>>> print(open('target-v9.txt').read())   # compact mmCIF, C-alpha atoms and all ligand atoms
# COMPACT_ATOMS: atom_id res chain seq x y z
CA MET A 1 0.00 0.00 0.00
CA ILE A 2 1.27 3.46 -0.88
CA GLU A 3 1.57 5.71 2.16
CA LEU A 4 1.61 9.45 1.99
CA SER A 5 4.28 11.41 3.83
CA ASP A 6 3.81 12.62 7.40
CA ARG A 7 4.43 16.08 5.99
CA LEU A 8 1.45 15.76 3.67
CA ASN A 9 -0.77 14.11 6.25
CA ALA A 10 -0.14 16.96 8.68
CA MET A 11 -1.20 19.53 6.09
CA GLU A 12 -4.73 21.00 6.01
CA GLU A 13 -6.45 21.62 2.71
CA SER A 14 -6.80 25.34 2.00
CA ALA A 15 -10.23 26.26 3.42
CA THR A 16 -10.76 28.99 0.83
CA ILE A 17 -10.12 26.58 -1.99
CA ALA A 18 -12.14 23.78 -0.33
CA MET A 19 -15.18 26.03 0.05
CA SER A 20 -15.01 27.27 -3.53
CA ARG A 21 -14.71 23.65 -4.69
CA LYS A 22 -17.82 22.72 -2.69
CA SER A 23 -19.82 25.59 -4.15
CA ARG A 24 -18.69 24.67 -7.68
CA GLU A 25 -19.89 21.10 -7.07
CA LEU A 26 -23.29 22.30 -5.84
CA LYS A 27 -23.58 24.62 -8.84
CA ALA A 28 -22.82 21.69 -11.14
CA GLU A 29 -25.74 19.85 -9.48
CA GLY A 30 -27.94 22.74 -10.59
CA LYS A 31 -28.14 24.51 -7.19
CA ASP A 32 -28.27 28.29 -7.25
CA VAL A 33 -25.26 28.82 -4.97
CA ILE A 34 -23.76 32.29 -4.45
CA SER A 35 -20.08 31.90 -3.75
CA LEU A 36 -18.52 34.60 -1.61
CA SER A 37 -15.81 32.22 -0.50
CA LEU A 38 -12.88 32.96 -2.77
CA GLY A 39 -10.81 36.12 -2.66
CA GLU A 40 -10.94 36.75 -6.35
CA PRO A 41 -11.87 39.98 -8.16
CA ASP A 42 -14.97 39.60 -10.33
CA PHE A 43 -13.51 41.99 -12.92
CA HIS A 44 -11.80 40.82 -16.08
CA THR A 45 -8.10 41.40 -16.72
CA PRO A 46 -7.85 44.80 -18.50
CA GLU A 47 -7.57 44.64 -22.31
CA PHE A 48 -4.15 46.34 -22.47
CA ILE A 49 -2.69 43.51 -20.38
CA LYS A 50 -4.21 40.84 -22.62
CA GLU A 51 -2.81 42.73 -25.64
CA ALA A 52 0.67 42.60 -24.12
CA ALA A 53 0.25 38.83 -23.70
CA ASN A 54 -0.78 38.48 -27.36
CA GLU A 55 2.28 40.48 -28.39
CA ALA A 56 4.51 38.26 -26.25
CA MET A 57 3.19 35.14 -27.94
CA LYS A 58 3.53 36.67 -31.41
CA ASN A 59 7.10 37.56 -30.59
CA ASN A 60 7.82 34.03 -29.37
CA PHE A 61 8.34 34.74 -25.71
CA THR A 62 7.43 31.11 -25.17
CA THR A 63 10.58 29.50 -23.83
CA TYR A 64 12.12 29.07 -20.38
CA THR A 65 12.88 32.37 -18.70
CA PRO A 66 15.59 33.33 -16.21
CA VAL A 67 14.56 31.71 -12.88
CA PRO A 68 13.92 35.01 -11.00
CA GLY A 69 12.07 36.51 -14.01
CA TYR A 70 12.94 38.54 -17.12
CA GLU A 71 15.28 41.44 -16.44
CA ASP A 72 12.82 43.97 -17.96
CA LEU A 73 10.05 42.65 -15.70
CA ARG A 74 12.25 42.94 -12.64
CA GLN A 75 13.15 46.48 -13.73
CA ALA A 76 9.41 47.27 -13.99
CA ILE A 77 8.92 45.88 -10.46
CA SER A 78 11.86 47.89 -9.16
CA ASP A 79 10.31 51.04 -10.70
CA LYS A 80 6.90 50.14 -9.24
CA PHE A 81 8.39 49.77 -5.76
CA LYS A 82 9.94 53.23 -6.11
CA ARG A 83 6.84 54.85 -7.60
CA ASP A 84 4.21 53.43 -5.24
CA ASN A 85 6.07 52.51 -2.06
CA ASP A 86 9.23 54.60 -2.00
CA LEU A 87 11.15 51.32 -1.69
CA HIS A 88 14.51 50.83 -3.35
CA TYR A 89 15.11 47.33 -4.60
CA GLY A 90 17.62 46.64 -7.38
CA THR A 91 16.71 43.98 -9.95
CA ASP A 92 19.01 41.52 -8.15
CA GLN A 93 16.82 41.94 -5.05
CA ILE A 94 13.65 40.92 -6.86
CA VAL A 95 12.41 37.37 -7.49
CA VAL A 96 9.30 36.71 -9.55
CA SER A 97 7.31 33.54 -8.82
CA THR A 98 4.17 31.64 -9.77
CA GLY A 99 2.00 33.79 -7.51
CA ALA A 100 2.59 35.48 -4.18
CA LYS A 101 1.76 32.14 -2.59
CA GLN A 102 4.90 30.63 -4.06
CA SER A 103 6.89 33.76 -3.19
CA ILE A 104 6.00 33.24 0.48
CA ALA A 105 6.77 29.51 0.31
CA ASN A 106 10.18 30.24 -1.23
CA VAL A 107 11.10 32.64 1.57
CA VAL A 108 9.92 30.34 4.35
CA MET A 109 11.72 27.39 2.84
CA SER A 110 14.90 29.45 2.46
CA ILE A 111 14.97 30.66 6.05
CA VAL A 112 13.13 28.36 8.43
CA ASN A 113 14.85 25.36 10.01
CA GLN A 114 13.12 22.54 11.86
CA GLY A 115 11.69 23.89 15.13
CA ASP A 116 12.24 27.55 14.31
CA GLU A 117 9.35 29.69 15.47
CA VAL A 118 7.40 31.86 13.09
CA ILE A 119 5.12 34.49 14.58
CA ILE A 120 1.82 34.78 12.76
CA PRO A 121 -0.65 37.40 13.97
CA ALA A 122 -4.22 36.08 13.87
CA PRO A 123 -6.45 36.49 11.95
CA PHE A 124 -4.04 35.37 9.24
CA TRP A 125 -4.30 34.24 5.67
CA VAL A 126 -4.91 30.46 5.55
CA SER A 127 -1.76 29.39 3.76
CA TYR A 128 0.81 30.98 6.12
CA ILE A 129 0.41 28.29 8.78
CA GLU A 130 0.58 25.37 6.37
CA ILE A 131 3.61 26.76 4.52
CA VAL A 132 5.42 27.11 7.85
CA LYS A 133 4.41 23.60 8.96
CA VAL A 134 5.53 21.97 5.73
CA SER A 135 8.88 23.71 6.17
CA GLU A 136 9.09 22.10 9.64
CA GLY A 137 8.81 25.43 11.41
CA THR A 138 6.55 26.03 14.41
CA PRO A 139 3.80 28.61 13.93
CA VAL A 140 3.35 30.88 16.96
CA VAL A 141 -0.04 32.53 16.71
CA VAL A 142 -0.59 35.93 18.32
CA ASN A 143 -4.27 36.77 18.61
CA ALA A 144 -5.72 40.15 17.79
CA GLY A 145 -9.48 40.32 18.26
CA ILE A 146 -12.15 42.53 16.77
CA GLU A 147 -11.81 44.95 19.73
CA SER A 148 -8.28 45.88 18.56
CA ASP A 149 -9.40 46.08 14.91
CA PHE A 150 -7.67 42.69 14.45
CA LYS A 151 -4.19 44.28 14.68
CA ILE A 152 -1.45 43.23 17.08
CA THR A 153 0.37 45.67 19.31
CA PRO A 154 4.19 46.01 19.60
CA SER A 155 4.06 44.56 23.11
CA GLN A 156 2.19 41.49 21.88
CA LEU A 157 4.87 41.03 19.23
CA GLU A 158 7.69 41.40 21.72
CA ALA A 159 6.05 39.01 24.19
CA ALA A 160 5.89 36.32 21.49
CA ILE A 161 9.59 36.53 20.63
CA THR A 162 11.79 33.73 22.03
CA PRO A 163 15.36 32.66 21.24
CA LYS A 164 13.84 30.34 18.61
CA THR A 165 11.98 33.05 16.70
CA LYS A 166 13.19 33.30 13.13
CA MET A 167 10.35 35.01 11.29
CA MET A 168 7.07 36.87 11.34
CA ILE A 169 4.43 36.80 8.56
CA PHE A 170 1.48 39.16 8.18
CA SER A 171 -0.54 40.99 5.56
CA THR A 172 -1.58 44.64 5.29
CA PRO A 173 -4.25 45.24 4.08
CA CYS A 174 -5.13 41.99 5.81
CA ASN A 175 -6.84 38.96 4.41
CA PRO A 176 -9.31 38.04 6.07
CA THR A 177 -10.06 41.18 8.13
CA GLY A 178 -9.36 44.06 5.75
CA SER A 179 -7.43 45.79 8.56
CA VAL A 180 -4.68 48.15 7.46
CA TYR A 181 -1.59 48.97 9.54
CA SER A 182 -0.84 52.70 9.47
CA LYS A 183 2.70 54.02 9.04
CA GLU A 184 2.84 54.77 12.79
CA GLU A 185 1.67 51.27 13.72
CA LEU A 186 4.28 49.73 11.43
CA ARG A 187 6.98 51.99 12.90
CA ALA A 188 6.08 50.70 16.34
CA LEU A 189 6.39 47.07 15.17
CA ALA A 190 9.68 47.97 13.46
CA ASP A 191 10.99 49.32 16.79
CA VAL A 192 10.56 45.82 18.22
CA LEU A 193 11.95 43.99 15.19
CA LYS A 194 15.11 46.11 15.03
CA LYS A 195 16.12 44.80 18.47
CA TYR A 196 16.24 41.30 16.92
CA PRO A 197 18.19 41.71 13.68
CA HIS A 198 18.11 37.95 12.93
CA ILE A 199 14.29 37.95 12.63
CA VAL A 200 12.90 38.20 9.10
CA ALA A 201 9.49 39.85 8.63
CA ILE A 202 7.41 38.93 5.59
CA CYS A 203 5.08 41.81 4.83
CA ASP A 204 2.44 40.62 2.37
CA GLU A 205 1.15 43.66 0.51
CA ILE A 206 -0.89 41.95 -2.20
CA TYR A 207 -3.94 44.12 -1.42
CA GLU A 208 -1.95 47.37 -1.36
CA HIS A 209 -4.11 49.12 -3.96
CA ILE A 210 -7.39 48.12 -2.34
CA ASN A 211 -7.21 50.57 0.52
CA PHE A 212 -10.10 52.95 1.24
CA THR A 213 -8.69 55.27 3.85
CA SER A 214 -5.01 55.98 3.72
CA LYS A 215 -1.96 55.70 1.51
CA HIS A 216 -0.51 52.23 1.70
CA ALA A 217 2.47 51.92 4.06
CA SER A 218 5.21 49.30 3.60
CA LEU A 219 7.18 47.86 6.49
CA ALA A 220 10.42 47.94 4.48
CA GLN A 221 10.28 51.76 4.30
CA PHE A 222 12.11 51.95 7.65
CA GLU A 223 15.82 51.90 6.91
CA ASP A 224 16.78 50.41 10.25
CA ILE A 225 14.95 47.17 9.43
CA TYR A 226 15.06 47.26 5.61
CA ASP A 227 17.34 44.19 5.40
CA GLN A 228 15.10 42.19 7.72
CA VAL A 229 11.95 42.72 5.64
CA VAL A 230 10.74 40.76 2.66
CA THR A 231 8.06 42.66 0.76
CA VAL A 232 5.61 40.37 -1.03
CA ASN A 233 3.30 41.58 -3.76
CA GLY A 234 1.75 40.42 -7.02
CA VAL A 235 -0.67 41.17 -9.84
CA SER A 236 -3.54 38.81 -8.90
CA LYS A 237 -5.73 41.20 -6.97
CA ALA A 238 -5.31 44.73 -8.28
CA TRP A 239 -5.12 43.70 -11.91
CA ALA A 240 -7.64 40.84 -11.79
CA MET A 241 -4.97 38.37 -12.89
CA THR A 242 -5.52 35.49 -10.46
CA GLY A 243 -5.21 32.83 -13.15
CA TRP A 244 -2.06 34.23 -14.74
CA ARG A 245 0.05 33.31 -11.70
CA LEU A 246 2.59 35.98 -10.92
CA GLY A 247 3.83 37.24 -7.57
CA TYR A 248 7.12 38.74 -6.50
CA ILE A 249 9.34 39.72 -3.60
CA GLY A 250 11.71 42.55 -2.86
CA ALA A 251 14.35 41.47 -0.32
CA SER A 252 18.02 41.59 0.59
CA LYS A 253 20.30 40.08 -2.08
CA LYS A 254 21.00 37.16 0.23
CA ILE A 255 17.34 36.21 0.57
CA ALA A 256 16.61 36.91 -3.12
CA SER A 257 19.43 34.54 -4.22
CA ALA A 258 18.20 31.88 -1.80
CA CYS A 259 14.67 32.09 -3.24
CA THR A 260 16.05 31.85 -6.78
CA LYS A 261 17.92 28.71 -5.76
CA VAL A 262 14.77 27.09 -4.29
CA GLN A 263 12.68 28.07 -7.28
CA GLY A 264 15.33 26.80 -9.71
CA GLN A 265 14.78 23.31 -8.32
CA PHE A 266 11.01 23.44 -7.84
CA THR A 267 9.34 25.36 -10.66
CA SER A 268 11.83 27.55 -12.62
CA GLY A 269 10.64 30.99 -13.76
CA THR A 270 6.89 31.57 -14.09
CA CYS A 271 5.07 31.63 -17.45
CA SER A 272 6.89 33.75 -20.04
CA ILE A 273 3.67 35.21 -21.45
CA THR A 274 2.40 36.16 -17.99
CA GLN A 275 5.70 37.89 -17.29
CA LYS A 276 5.46 40.06 -20.40
CA ALA A 277 1.78 40.86 -19.71
CA SER A 278 2.64 41.82 -16.13
CA ILE A 279 5.13 44.42 -17.34
CA ALA A 280 2.16 46.25 -18.90
CA ALA A 281 0.23 46.04 -15.60
CA LEU A 282 3.14 47.24 -13.48
CA LYS A 283 3.93 50.16 -15.79
CA ALA A 284 0.31 51.34 -15.86
CA ASP A 285 -0.66 54.30 -13.73
CA PRO A 286 -2.36 52.90 -10.57
CA GLN A 287 -4.86 55.76 -11.01
CA VAL A 288 -6.62 53.52 -13.54
CA LEU A 289 -7.65 51.34 -10.60
CA THR A 290 -9.75 54.15 -9.11
CA ASP A 291 -13.05 52.85 -10.54
CA MET A 292 -12.43 49.35 -9.23
CA ILE A 293 -11.53 50.65 -5.77
CA GLY A 294 -14.69 52.80 -5.78
CA ALA A 295 -16.76 49.75 -6.67
CA PHE A 296 -15.24 47.76 -3.80
CA GLU A 297 -15.88 50.62 -1.41
CA SER A 298 -19.59 50.76 -2.20
CA ARG A 299 -19.84 46.98 -1.93
CA ARG A 300 -18.21 47.12 1.49
CA LYS A 301 -20.83 49.66 2.56
CA LEU A 302 -23.63 47.49 1.22
CA VAL A 303 -22.41 44.36 3.03
CA LEU A 304 -21.75 46.16 6.32
CA GLU A 305 -25.15 47.85 6.27
CA ALA A 306 -26.85 44.53 5.58
CA LEU A 307 -24.91 42.73 8.33
CA ASN A 308 -25.69 45.48 10.81
CA THR A 309 -29.41 44.80 10.42
CA ILE A 310 -28.95 41.23 11.70
CA GLU A 311 -29.21 40.83 15.47
CA GLY A 312 -26.07 39.27 16.95
CA VAL A 313 -23.66 39.98 14.10
CA GLN A 314 -20.73 42.16 15.17
CA THR A 315 -18.59 43.94 12.56
CA ASN A 316 -15.58 46.22 12.41
CA VAL A 317 -15.02 48.50 9.42
CA PRO A 318 -12.39 46.97 7.18
CA GLU A 319 -10.16 49.63 5.65
CA GLY A 320 -8.90 47.61 2.71
CA ALA A 321 -8.92 44.34 0.74
CA PHE A 322 -12.37 42.97 -0.19
CA TYR A 323 -13.41 41.00 2.86
CA VAL A 324 -15.66 41.50 5.87
CA PHE A 325 -14.92 39.32 8.89
CA PRO A 326 -17.93 39.52 11.23
CA ASP A 327 -18.06 37.96 14.67
CA VAL A 328 -20.96 35.50 14.58
CA SER A 329 -20.35 33.71 17.88
CA TYR A 330 -23.81 34.90 19.07
CA PHE A 331 -25.28 32.07 16.96
CA TYR A 332 -23.16 29.29 18.48
CA GLY A 333 -25.35 26.94 20.50
CA LYS A 334 -28.47 27.90 18.52
CA SER A 335 -30.38 25.44 16.31
CA PHE A 336 -32.76 25.10 13.42
CA ASN A 337 -34.59 21.93 12.37
CA GLY A 338 -32.66 19.86 14.89
CA GLN A 339 -29.28 21.06 13.62
CA THR A 340 -27.17 22.83 16.24
CA ILE A 341 -24.49 25.33 15.30
CA ASN A 342 -21.42 24.80 17.47
CA ASN A 343 -18.80 26.77 15.58
CA GLY A 344 -17.93 28.71 12.44
CA SER A 345 -17.62 25.58 10.29
CA ASP A 346 -21.13 24.48 11.32
CA LEU A 347 -22.45 27.94 10.57
CA CYS A 348 -20.81 28.02 7.11
CA MET A 349 -22.22 24.57 6.29
CA TYR A 350 -25.64 25.69 7.52
CA LEU A 351 -25.49 28.84 5.36
CA LEU A 352 -24.33 26.80 2.38
CA ASN A 353 -27.17 24.30 2.69
CA GLU A 354 -29.94 26.56 3.99
CA ALA A 355 -29.13 29.86 2.23
CA LEU A 356 -27.04 28.54 -0.66
CA VAL A 357 -24.33 31.08 0.17
CA ALA A 358 -20.71 29.92 0.42
CA LEU A 359 -18.54 31.69 3.01
CA VAL A 360 -15.39 30.57 4.84
CA THR A 361 -15.15 29.76 8.54
CA GLY A 362 -12.94 31.99 10.65
CA GLU A 363 -11.24 28.95 12.20
CA ALA A 364 -9.21 28.62 9.02
CA PHE A 365 -7.92 32.16 9.61
CA GLY A 366 -7.27 31.70 13.31
CA ASP A 367 -10.43 33.29 14.74
CA PRO A 368 -13.20 30.80 15.46
CA ASN A 369 -15.71 33.52 16.40
CA CYS A 370 -15.82 34.90 12.88
CA ILE A 371 -16.65 33.99 9.29
CA ARG A 372 -15.21 35.55 6.14
CA ILE A 373 -17.33 37.15 3.45
CA SER A 374 -15.59 38.07 0.21
CA TYR A 375 -17.45 40.97 -1.39
CA ALA A 376 -15.71 40.65 -4.73
CA ALA A 377 -19.07 40.18 -6.45
CA SER A 378 -21.65 42.45 -8.10
CA GLU A 379 -23.93 44.57 -5.91
CA GLU A 380 -26.92 42.63 -7.19
CA THR A 381 -25.33 39.35 -6.11
CA LEU A 382 -24.35 40.78 -2.74
CA ILE A 383 -27.88 42.11 -2.06
CA GLU A 384 -29.34 38.67 -2.77
CA ALA A 385 -26.64 36.89 -0.72
CA MET A 386 -27.12 39.16 2.30
CA LYS A 387 -30.90 38.69 2.11
CA ARG A 388 -30.45 34.91 2.17
CA VAL A 389 -27.91 35.04 5.01
CA LYS A 390 -30.19 37.24 7.12
CA THR A 391 -33.19 34.95 6.60
CA ALA A 392 -31.17 31.86 7.48
CA LEU A 393 -29.55 33.40 10.57
CA GLU A 394 -32.89 34.67 11.85
CA LYS A 395 -34.23 31.10 11.78
CA LEU A 396 -31.69 30.04 14.41
CA SER A 397 -32.90 30.02 17.99
N1 LIG B 401 -1.41 36.64 0.18
C1 LIG B 401 -2.68 36.92 0.49
C2 LIG B 401 -2.95 37.69 1.74
C3 LIG B 401 -3.72 36.47 -0.32
O1 LIG B 401 -4.99 36.73 0.00
C4 LIG B 401 -3.43 35.72 -1.47
C5 LIG B 401 -4.61 35.20 -2.24
N2 LIG B 401 -4.52 34.88 -3.46
C6 LIG B 401 -2.08 35.49 -1.78
C7 LIG B 401 -1.10 35.95 -0.93
C8 LIG B 401 -1.64 34.70 -2.97
O2 LIG B 401 -1.84 35.37 -4.16
P1 LIG B 401 -1.36 34.80 -5.55
O3 LIG B 401 -2.59 34.68 -6.39
O4 LIG B 401 -0.41 35.84 -6.09
O5 LIG B 401 -0.67 33.51 -5.31
N1 LIG B 402 -6.19 34.29 -1.54
C1 LIG B 402 -7.53 34.05 -1.95
C2 LIG B 402 -8.40 33.79 -0.74
O1 LIG B 402 -7.96 33.95 0.34
C3 LIG B 402 -7.60 32.98 -3.00
C4 LIG B 402 -7.57 31.55 -2.55
C5 LIG B 402 -6.20 31.06 -2.20
O2 LIG B 402 -5.26 31.37 -2.94
O3 LIG B 402 -6.11 30.39 -1.18
O4 LIG B 402 -9.53 33.44 -0.88
>>> encode(input="target-v9.txt", output="C-alpha cells")
Amino acid sequence: MIELSDRLNAMEESATIAMSRKSRELKAEGKDVISLSLGEPDFHTPEFIKEAANEAMKNNFTTYTPVPGYEDLRQAISDKFKRDNDLHYGTDQIVVSTGAKQSIANVVMSIVNQGDEVIIPAPFWVSYIEIVKVSEGTPVVVNAGIESDFKITPSQLEAAITPKTKMMIFSTPCNPTGSVYSKEELRALADVLKKYPHIVAICDEIYEHINFTSKHASLAQFEDIYDQVVTVNGVSKAWAMTGWRLGYIGASKKIASACTKVQGQFTSGTCSITQKASIAALKADPQVLTDMIGAFESRRKLVLEALNTIEGVQTNVPEGAFYVFPDVSYFYGKSFNGQTINNGSDLCMYLLNEALVALVTGEAFGDPNCIRISYAASEETLIEAMKRVKTALEKLS
C-alpha cells in the first residue's frame, strides 16, 4: 500500500479553496449557490494587459525564462516599488514567482529550520500556517481580536519573541479582516523587530491598492529594518490576474538569491507570457484602478449595512482588501430543524445548505468567532446573498 508522507498528512487543505470547490460542485448539481468564499476579483483582466500577452506570444516569448524573471520585468517591479512605495530594490533583489503564494513559500523554505518559530498574527491568511508547517517550522499565533481592529500591538509582538523566533508573517491590508496597519503602527512594530536583527518579517502587501482610507504603508520603508523585511506583492488582486500566476518579492540580495535557488529546483521561472503581460500592468498608472476601488468601497458599505441589520452579528469596518470578517459567535449553540451550530464551520455549512451562500469559517484564519465574506461580487449578487444570510440566521434560535 502506498503511504503518503507525514508532511502531507499533517497539512490541512486550503479552506478557501475547499469552500469554492464545494460551491462549484453544488452549482454543477444545478443549485443556485452564491459563492462569496474565494478572494478573487470579479472583474476581467484589462484589455491592455491581454494585448501585451498576445504580443509576447507573437514575438515568441514562449521559452524558459531566467529563474527570477525577465530582467525587464524585474526592472518594472523595481520602478513600481519606487513609484508606489518609496522602496529601493535593485533587480538583483527581486524574485518573480508563480504567484505570491509561491513567493511566500520560497522565503519560508529558504529561512526556516526545523523547530524555528514563526510568529503569525491572527487572523491570518490560511496558507501561512501550512507553509510554515511543511517547512518544519513552528507557527506561533498571536491573537488580535475585533476589539483591537484585528491588529497586534508592539508589546504582543515582543512578548511572542523567544530565542527560537526566526520570522514573522502578516498581511496589510489583511486577508481576512481588511485591517490596514498605518505608518505609525508599522513603525512601532519595526521598533521591536530592530532589536532582533536575525528575525525576518514577511510583509504581504498583495492588497496594497485596495485601501479605502489611507496611503498604503510598507514595512520595508524603515531603513533600520530594511534588510530584515521581505516585501511580497503580485498582480492577482489589483489587476484581476488570479489565473495568470505571478507574484514577487523585494528582499536583501541574500534572501533573493536563496529564493532563486529554491525556485530553480522546484518550478523555474513563471510563465513567459504572464511575465510580459505583467510588465504592462506594473507600468500602468495605478490611477486607472480608481473605478475598481470605488466599486469595492460601495460593496463594502452594502455588506456592512446589511450585516448590521442582523441581530447578533458584530462587525468592524475593514479599511482595505475585499473581505468582511464579522463575529458571529452569538449564533453558536443555537439550532434550526434539529441542527445545532457549534462553531464557524457548522455555521458556514448551515449557510451553504440553507441559504445557498458559500462563506469561509474563521477557524481557518485563526479566529473561530468569525466567518469571512468576500465581497468581490456584483452589488446585485451581494444584495441577494445578504438577504439569504439574514433569513437563514434569523431562523436560528
Ligand atoms: N497573500 C494573500 C494575503 C492572499 O490573500 C493571497 C490570495 N490569493 C495570496 C497571498 C496569494 O496570491 P497569488 O494569487 O499571487 O498567489
Ligand atoms: N487568496 C484568496 C483567498 O484567500 C484565493 C484563494 C487562495 O489562494 O487560497 O480566498
>>> atom_distance(input="target-v9.txt", atom1="CA of Arg245 (chain A)", atom2="CA of Ala281 (chain A)")
13.3 Å
>>> residues_near_point(input="target-v9.txt", point="(6.0, 37.2, -11.6)", cutoff="6 Å", atoms="only C-alpha atoms", output="number ranges by chain")
A: 96-97, 246-248, 275
>>> closest_atom_pairs(input="target-v9.txt", of="chain A", to="ligand LIG 401 (chain B)", cutoff="10 Å", atoms="only C-alpha atoms and all ligand atoms", output="Markdown table")
| residue | atom | partner | partner_atom | distance |
| --- | --- | --- | --- | --- |
| A:Thr16 | CA | B:LIG401 | C5 | 9.3 |
| A:Leu38 | CA | B:LIG401 | C5 | 8.6 |
| A:Gly39 | CA | B:LIG401 | C5 | 6.3 |
| A:Glu40 | CA | B:LIG401 | N2 | 7.3 |
| A:Ser97 | CA | B:LIG401 | O4 | 8.5 |
| A:Thr98 | CA | B:LIG401 | O5 | 6.8 |
| A:Gly99 | CA | B:LIG401 | O4 | 3.5 |
| A:Ala100 | CA | B:LIG401 | O4 | 3.6 |
| A:Lys101 | CA | B:LIG401 | O5 | 3.9 |
| A:Gln102 | CA | B:LIG401 | O5 | 6.4 |
| A:Ser103 | CA | B:LIG401 | O5 | 7.9 |
| A:Ile104 | CA | B:LIG401 | C7 | 7.7 |
| A:Phe124 | CA | B:LIG401 | C2 | 7.9 |
| A:Trp125 | CA | B:LIG401 | C2 | 5.4 |
| A:Val126 | CA | B:LIG401 | O1 | 8.4 |
| A:Ser127 | CA | B:LIG401 | C7 | 8.1 |
| A:Tyr128 | CA | B:LIG401 | N1 | 8.5 |
| A:Phe170 | CA | B:LIG401 | C2 | 8.0 |
| A:Ser171 | CA | B:LIG401 | C2 | 5.6 |
| A:Thr172 | CA | B:LIG401 | C2 | 7.9 |
| A:Pro173 | CA | B:LIG401 | C2 | 8.0 |
| A:Cys174 | CA | B:LIG401 | C2 | 6.3 |
| A:Asn175 | CA | B:LIG401 | C2 | 4.9 |
| A:Pro176 | CA | B:LIG401 | O1 | 7.6 |
| A:Gly178 | CA | B:LIG401 | C2 | 9.9 |
| A:Cys203 | CA | B:LIG401 | N1 | 9.5 |
| A:Asp204 | CA | B:LIG401 | N1 | 6.0 |
| A:Glu205 | CA | B:LIG401 | C2 | 7.3 |
| A:Ile206 | CA | B:LIG401 | N1 | 5.8 |
| A:Tyr207 | CA | B:LIG401 | C2 | 7.2 |
| A:Val232 | CA | B:LIG401 | C7 | 8.0 |
| A:Asn233 | CA | B:LIG401 | O4 | 7.2 |
| A:Gly234 | CA | B:LIG401 | O4 | 5.1 |
| A:Val235 | CA | B:LIG401 | O4 | 6.5 |
| A:Ser236 | CA | B:LIG401 | O3 | 4.9 |
| A:Lys237 | CA | B:LIG401 | O3 | 7.3 |
| A:Ala240 | CA | B:LIG401 | O3 | 9.6 |
| A:Met241 | CA | B:LIG401 | O3 | 7.8 |
| A:Thr242 | CA | B:LIG401 | O3 | 5.1 |
| A:Gly243 | CA | B:LIG401 | O3 | 7.5 |
| A:Trp244 | CA | B:LIG401 | O3 | 8.4 |
| A:Arg245 | CA | B:LIG401 | O3 | 6.1 |
| A:Leu246 | CA | B:LIG401 | O4 | 5.7 |
| A:Gly247 | CA | B:LIG401 | O4 | 4.7 |
| A:Tyr248 | CA | B:LIG401 | O4 | 8.1 |
| A:Ala321 | CA | B:LIG401 | O1 | 8.6 |
| A:Phe322 | CA | B:LIG401 | O1 | 9.7 |
| A:Tyr323 | CA | B:LIG401 | O1 | 9.9 |
>>> closest_residue(input="target-v9.txt", among="A:Leu87, A:Ala122, A:Ile373, A:Met168", to="ligand LIG 402 (chain B)", atoms="only C-alpha atoms and all ligand atoms")
A:Ile373
>>> closest_residue(input="target-v9.txt", among="A:Ser5, A:Ser268, A:Thr177, A:Gln93", to="ligand LIG 402 (chain B)", atoms="all atoms listed in the file")
A:Thr177
>>> closest_residue(input="target-v9.txt", among="A:Thr290, A:Thr381, A:Asn106, A:Ser23", to="Leu352 (chain A)", atoms="only C-alpha atoms")
A:Ser23
>>> residues_around(input="target-v9.txt", residues="Ser397 (chain A)", least_positions_apart="6", cutoff="8 Å", atoms="all atoms listed in the file", output="number ranges by chain")
A: 331, 334-336
>>> residues_around(input="target-v9.txt", residues="Gly137 (chain A)", least_positions_apart="3", cutoff="10 Å", atoms="only C-alpha atoms", output="PDB file with C-alpha atoms, in the coordinates of the input")
ATOM      1  CA  VAL A 108       9.920  30.340   4.350  1.00  0.00           C
ATOM      2  CA  MET A 109      11.720  27.390   2.840  1.00  0.00           C
ATOM      3  CA  ILE A 111      14.970  30.660   6.050  1.00  0.00           C
ATOM      4  CA  VAL A 112      13.130  28.360   8.430  1.00  0.00           C
ATOM      5  CA  ASN A 113      14.850  25.360  10.010  1.00  0.00           C
ATOM      6  CA  GLN A 114      13.120  22.540  11.860  1.00  0.00           C
ATOM      7  CA  GLY A 115      11.690  23.890  15.130  1.00  0.00           C
ATOM      8  CA  ASP A 116      12.240  27.550  14.310  1.00  0.00           C
ATOM      9  CA  GLU A 117       9.350  29.690  15.470  1.00  0.00           C
ATOM     10  CA  VAL A 118       7.400  31.860  13.090  1.00  0.00           C
ATOM     11  CA  ILE A 129       0.410  28.290   8.780  1.00  0.00           C
ATOM     12  CA  GLU A 130       0.580  25.370   6.370  1.00  0.00           C
ATOM     13  CA  ILE A 131       3.610  26.760   4.520  1.00  0.00           C
ATOM     14  CA  VAL A 132       5.420  27.110   7.850  1.00  0.00           C
ATOM     15  CA  LYS A 133       4.410  23.600   8.960  1.00  0.00           C
ATOM     16  CA  VAL A 134       5.530  21.970   5.730  1.00  0.00           C
ATOM     17  CA  VAL A 140       3.350  30.880  16.960  1.00  0.00           C
ATOM     18  CA  THR A 165      11.980  33.050  16.700  1.00  0.00           C
ATOM     19  CA  LYS A 166      13.190  33.300  13.130  1.00  0.00           C
ATOM     20  CA  MET A 167      10.350  35.010  11.290  1.00  0.00           C
TER      21      MET A 167
END
>>> closest_residue(input="target-v9.txt", among="A:Val229, A:Val288, A:Cys370, A:Ala358", to="ligand LIG 402 (chain B)", atoms="only C-alpha atoms and all ligand atoms")
A:Ala358
>>> atom_distance(input="target-v9.txt", atom1="CA of Val389 (chain A)", atom2="CA of Thr309 (chain A)")
11.3 Å
>>> atom_distance(input="target-v9.txt", atom1="CA of Asp149 (chain A)", atom2="CA of Ile120 (chain A)")
16.1 Å
>>> residues_near_point(input="target-v9.txt", point="(5.2, 14.9, 4.7)", cutoff="10 Å", atoms="only C-alpha atoms", output="ChimeraX atom specification")
/A:4-11,133-136
